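In what follows, a single structure is set out as structure tokens and then discussed.
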There are 2 protein chains.
Amino acid sequence: MYIGDADRIPARPVEVEGAKCVKKQILVGPKEGWDGWVMRRFTLGGDGRTPEHSHPWPHIAYVLQGEGSVMLQGEEYPIGEGSVAYVPDGAVHQFKNRKSSEMTFLCIVPERGEDL
Amino acid sequence: MYIGDADRIPARPVEVEGAKCVKKQILVGPKEGWDGWVMRRFTLGGDGRTPEHSHPWPHIAYVLQGEGSVMLQGEEYPIGEGSVAYVPDGAVHQFKNRKSSEMTFLCIVPERGEDL
């Protein structure tokens, strides 16, 4: 069993091409017992964005705070606190913060996609 | 792909023995594309609690709002916004709201355990 506090888990900058003001925390994954999956928390700074990309695994997302949009297959959808998304394998996607304040969201991914 | 708003998803009362003031929403599961897993959002009213129970599947939880505790194998742990938990298969557990205001948390479960 594991109980943690996300606010005390180190946040690492995401420095891949196309990312802007993105930090990532690993909340629960195989190390904590969840075989095969990882729950991460992303923080986008003002006007931050994740890279526009696709990969052969899904994302399951829940927006905790802020206002922005998610681009899915070329279409932009507004998102905010309480928005949920299922991004299927292979879909081109990008999360964007549309405000100057932070936007945070949970993003669950299969273990094989955690690093990417 | 799927994009939804948790605040617009119907909340159903959980009426199993031992539950008090518990409502559940199904946010993302197999119907939305996530094979084998379901993300739910639980709302505990003032002094609400989930039943004390165990089952042969895990929970992955993230506290969105409120203050309370989680009992795991007989020990009580304080939880609040940003708390995360991995409850392994077979562990006796119970979520409790310790305030008069609502407590909400995400709880991910394998599909086979969604109804229980």
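Letters A, B, ... mark the chains of the structure tokens in the order given; residue numbers begin at 1 per chain; ligand numbers begin at 1, in order shown.
Every residue of chain A that lies within 8 Å of chain B is listed here, counting only C-alpha atoms: Met1, Tyr2, Ile3, Gly4, Asp5, Ala6, Asp7, Leu27, Val28, Glu32, Gly33, Trp34, Ile60, Leu64, Gly82, Ser83, Val84, Ala85, Tyr86, Val87 and Pro88 of chain A.
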Hey, can you spit out that residue selection with N, CA and C atoms as a PDB file, in the first residue's frame?
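The new file result-v4.pdb reads:
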ATOM      1  N   MET A   1       0.838  -1.199   0.000  1.00  0.00           N
ATOM      2  CA  MET A   1       0.000   0.000   0.000  1.00  0.00           C
ATOM      3  C   MET A   1       0.871   1.246   0.000  1.00  0.00           C
ATOM      4  N   TYR A   2       0.301   2.331  -0.461  1.00  0.00           N
ATOM      5  CA  TYR A   2       1.064   3.572  -0.577  1.00  0.00           C
ATOM      6  C   TYR A   2       0.126   4.744  -0.372  1.00  0.00           C
ATOM      7  N   ILE A   3       0.568   5.708   0.429  1.00  0.00           N
ATOM      8  CA  ILE A   3      -0.157   6.970   0.571  1.00  0.00           C
ATOM      9  C   ILE A   3       0.863   8.089   0.420  1.00  0.00           C
ATOM     10  N   GLY A   4       0.584   9.025  -0.450  1.00  0.00           N
ATOM     11  CA  GLY A   4       1.528  10.108  -0.689  1.00  0.00           C
ATOM     12  C   GLY A   4       0.808  11.437  -0.828  1.00  0.00           C
ATOM     13  N   ASP A   5       1.617  12.479  -0.937  1.00  0.00           N
ATOM     14  CA  ASP A   5       1.094  13.837  -1.081  1.00  0.00           C
ATOM     15  C   ASP A   5       1.714  14.405  -2.355  1.00  0.00           C
ATOM     16  N   ALA A   6       0.880  14.614  -3.354  1.00  0.00           N
ATOM     17  CA  ALA A   6       1.400  15.054  -4.654  1.00  0.00           C
ATOM     18  C   ALA A   6       2.210  16.336  -4.530  1.00  0.00           C
ATOM     19  N   ASP A   7       1.860  17.185  -3.572  1.00  0.00           N
ATOM     20  CA  ASP A   7       2.573  18.462  -3.443  1.00  0.00           C
ATOM     21  C   ASP A   7       4.004  18.286  -2.933  1.00  0.00           C
ATOM     22  N   LEU A  27       3.088  10.189  -9.768  1.00  0.00           N
ATOM     23  CA  LEU A  27       2.321  10.032  -8.529  1.00  0.00           C
ATOM     24  C   LEU A  27       2.189   8.569  -8.099  1.00  0.00           C
ATOM     25  N   VAL A  28       1.699   7.744  -8.999  1.00  0.00           N
ATOM     26  CA  VAL A  28       1.490   6.325  -8.658  1.00  0.00           C
ATOM     27  C   VAL A  28       1.814   5.490  -9.892  1.00  0.00           C
ATOM     28  N   GLU A  32       4.846   1.906  -6.810  1.00  0.00           N
ATOM     29  CA  GLU A  32       3.876   1.985  -5.707  1.00  0.00           C
ATOM     30  C   GLU A  32       2.891   0.818  -5.739  1.00  0.00           C
ATOM     31  N   GLY A  33       2.969  -0.026  -6.772  1.00  0.00           N
ATOM     32  CA  GLY A  33       2.129  -1.219  -6.835  1.00  0.00           C
ATOM     33  C   GLY A  33       1.251  -1.338  -8.064  1.00  0.00           C
ATOM     34  N   TRP A  34       1.114  -0.244  -8.827  1.00  0.00           N
ATOM     35  CA  TRP A  34       0.184  -0.280  -9.958  1.00  0.00           C
ATOM     36  C   TRP A  34       0.879  -0.854 -11.184  1.00  0.00           C
ATOM     37  N   ILE A  60      -5.291   8.926 -20.372  1.00  0.00           N
ATOM     38  CA  ILE A  60      -6.531   9.204 -19.657  1.00  0.00           C
ATOM     39  C   ILE A  60      -6.238  10.430 -18.807  1.00  0.00           C
ATOM     40  N   LEU A  64      -7.256  19.293 -13.221  1.00  0.00           N
ATOM     41  CA  LEU A  64      -7.405  19.648 -11.809  1.00  0.00           C
ATOM     42  C   LEU A  64      -7.645  21.145 -11.622  1.00  0.00           C
ATOM     43  N   GLY A  82     -12.194  19.738 -13.973  1.00  0.00           N
ATOM     44  CA  GLY A  82     -13.224  18.699 -14.108  1.00  0.00           C
ATOM     45  C   GLY A  82     -13.356  18.113 -15.497  1.00  0.00           C
ATOM     46  N   SER A  83     -12.627  18.663 -16.465  1.00  0.00           N
ATOM     47  CA  SER A  83     -12.667  18.042 -17.799  1.00  0.00           C
ATOM     48  C   SER A  83     -11.945  16.699 -17.763  1.00  0.00           C
ATOM     49  N   VAL A  84     -12.478  15.754 -18.502  1.00  0.00           N
ATOM     50  CA  VAL A  84     -11.852  14.432 -18.608  1.00  0.00           C
ATOM     51  C   VAL A  84     -11.660  14.124 -20.088  1.00  0.00           C
ATOM     52  N   ALA A  85     -10.608  13.361 -20.391  1.00  0.00           N
ATOM     53  CA  ALA A  85     -10.360  13.018 -21.787  1.00  0.00           C
ATOM     54  C   ALA A  85      -9.790  11.618 -21.894  1.00  0.00           C
ATOM     55  N   TYR A  86     -10.202  10.928 -22.935  1.00  0.00           N
ATOM     56  CA  TYR A  86      -9.551   9.683 -23.332  1.00  0.00           C
ATOM     57  C   TYR A  86      -8.945   9.933 -24.710  1.00  0.00           C
ATOM     58  N   VAL A  87      -7.619   9.899 -24.774  1.00  0.00           N
ATOM     59  CA  VAL A  87      -6.888  10.098 -26.032  1.00  0.00           C
ATOM     60  C   VAL A  87      -6.439   8.722 -26.501  1.00  0.00           C
ATOM     61  N   PRO A  88      -7.003   8.236 -27.601  1.00  0.00           N
ATOM     62  CA  PRO A  88      -6.679   6.858 -28.012  1.00  0.00           C
ATOM     63  C   PRO A  88      -5.285   6.731 -28.622  1.00  0.00           C
TER      64      PRO A  88
END
>> Please identify the strand (DSSP E) residues within chain B (assignment by DSSP from backbone atoms) and present them as a VMD selection string.
In response: chain B and resid 2 to 5 12 to 13 20 to 28 37 to 49 59 to 65 67 to 72 75 to 80 83 to 87 93 to 97 103 to 110
Find the residues near A:Val92: any atom within 8 Å, counting only C-alpha atoms, skip ones fewer than 2 places away on the same chain, and give them as a compact mmCIF listing (two decimals) with N, CA and C atoms, in the first residue's frame.
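The file below, selection.txt, is the result:
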# COMPACT_ATOMS: atom_id res chain seq x y z
N GLU A 52 3.04 18.67 -29.52
CA GLU A 52 2.05 18.06 -30.42
C GLU A 52 2.67 16.75 -30.89
N HIS A 53 2.02 15.64 -30.55
CA HIS A 53 2.62 14.35 -30.92
C HIS A 53 1.57 13.24 -30.88
N SER A 54 2.00 12.06 -31.28
CA SER A 54 1.14 10.87 -31.15
C SER A 54 2.04 9.70 -30.80
N HIS A 55 1.43 8.64 -30.30
CA HIS A 55 2.18 7.45 -29.89
C HIS A 55 1.21 6.28 -29.77
N MET A 71 -5.88 19.78 -28.13
CA MET A 71 -6.02 19.56 -29.55
C MET A 71 -6.00 18.05 -29.76
N LEU A 72 -7.02 17.57 -30.46
CA LEU A 72 -7.11 16.15 -30.77
C LEU A 72 -7.37 16.02 -32.26
N GLN A 73 -6.45 15.42 -32.95
CA GLN A 73 -6.59 15.17 -34.39
C GLN A 73 -6.93 16.46 -35.15
N GLY A 74 -6.30 17.56 -34.74
CA GLY A 74 -6.47 18.81 -35.47
C GLY A 74 -7.58 19.71 -34.97
N GLY A 90 -2.44 6.51 -31.07
CA GLY A 90 -2.26 7.02 -32.42
C GLY A 90 -2.85 8.39 -32.69
N GLN A 94 -2.32 17.57 -28.12
CA GLN A 94 -1.50 18.59 -27.45
C GLN A 94 -2.37 19.30 -26.41
Would you mind listing what lies within 8 Å of A:Gly18 as a compact mmCIF listing (two decimals) with C-alpha atoms, in the first residue's frame, with only C-alpha atoms counted and same-chain residues fewer than 4 positions away left out?
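selection13.txt was written with the following content:
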# COMPACT_ATOMS: atom_id res chain seq x y z
CA ARG A 49 1.96 23.51 -23.78
CA THR A 50 2.84 19.86 -24.19
CA PRO A 51 4.35 18.82 -27.52
CA GLU A 52 2.05 18.06 -30.42
> DSSP on the backbone: what in chain B comes out helix (DSSP H, G or I), as a list in words?
Replying inline: Ala6, Asp7, Arg8, Pro30, Lys31, Glu32, Glu111, Arg112 and Gly113 of chain B
> How far is it from atom CA of A:Ala19 to atom CA of B:Ile108, in Å with one decimal?
Replying inline: 28.1 Å
>> Can you pull out the residues contacting A:Asp115? Cut-off 12 Å, using only C-alpha atoms, and skip same-chain residues under 6 positions away; I want them as a list in words.
In response: Arg12, Val14, Glu15, Val16, Lys24, Gln25, Ile26, Val38, Arg40, His55 and Val109 of chain A
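In this structure, atom CA of B:Trp57 sits 11.1 Å away from atom CA of B:Trp37.
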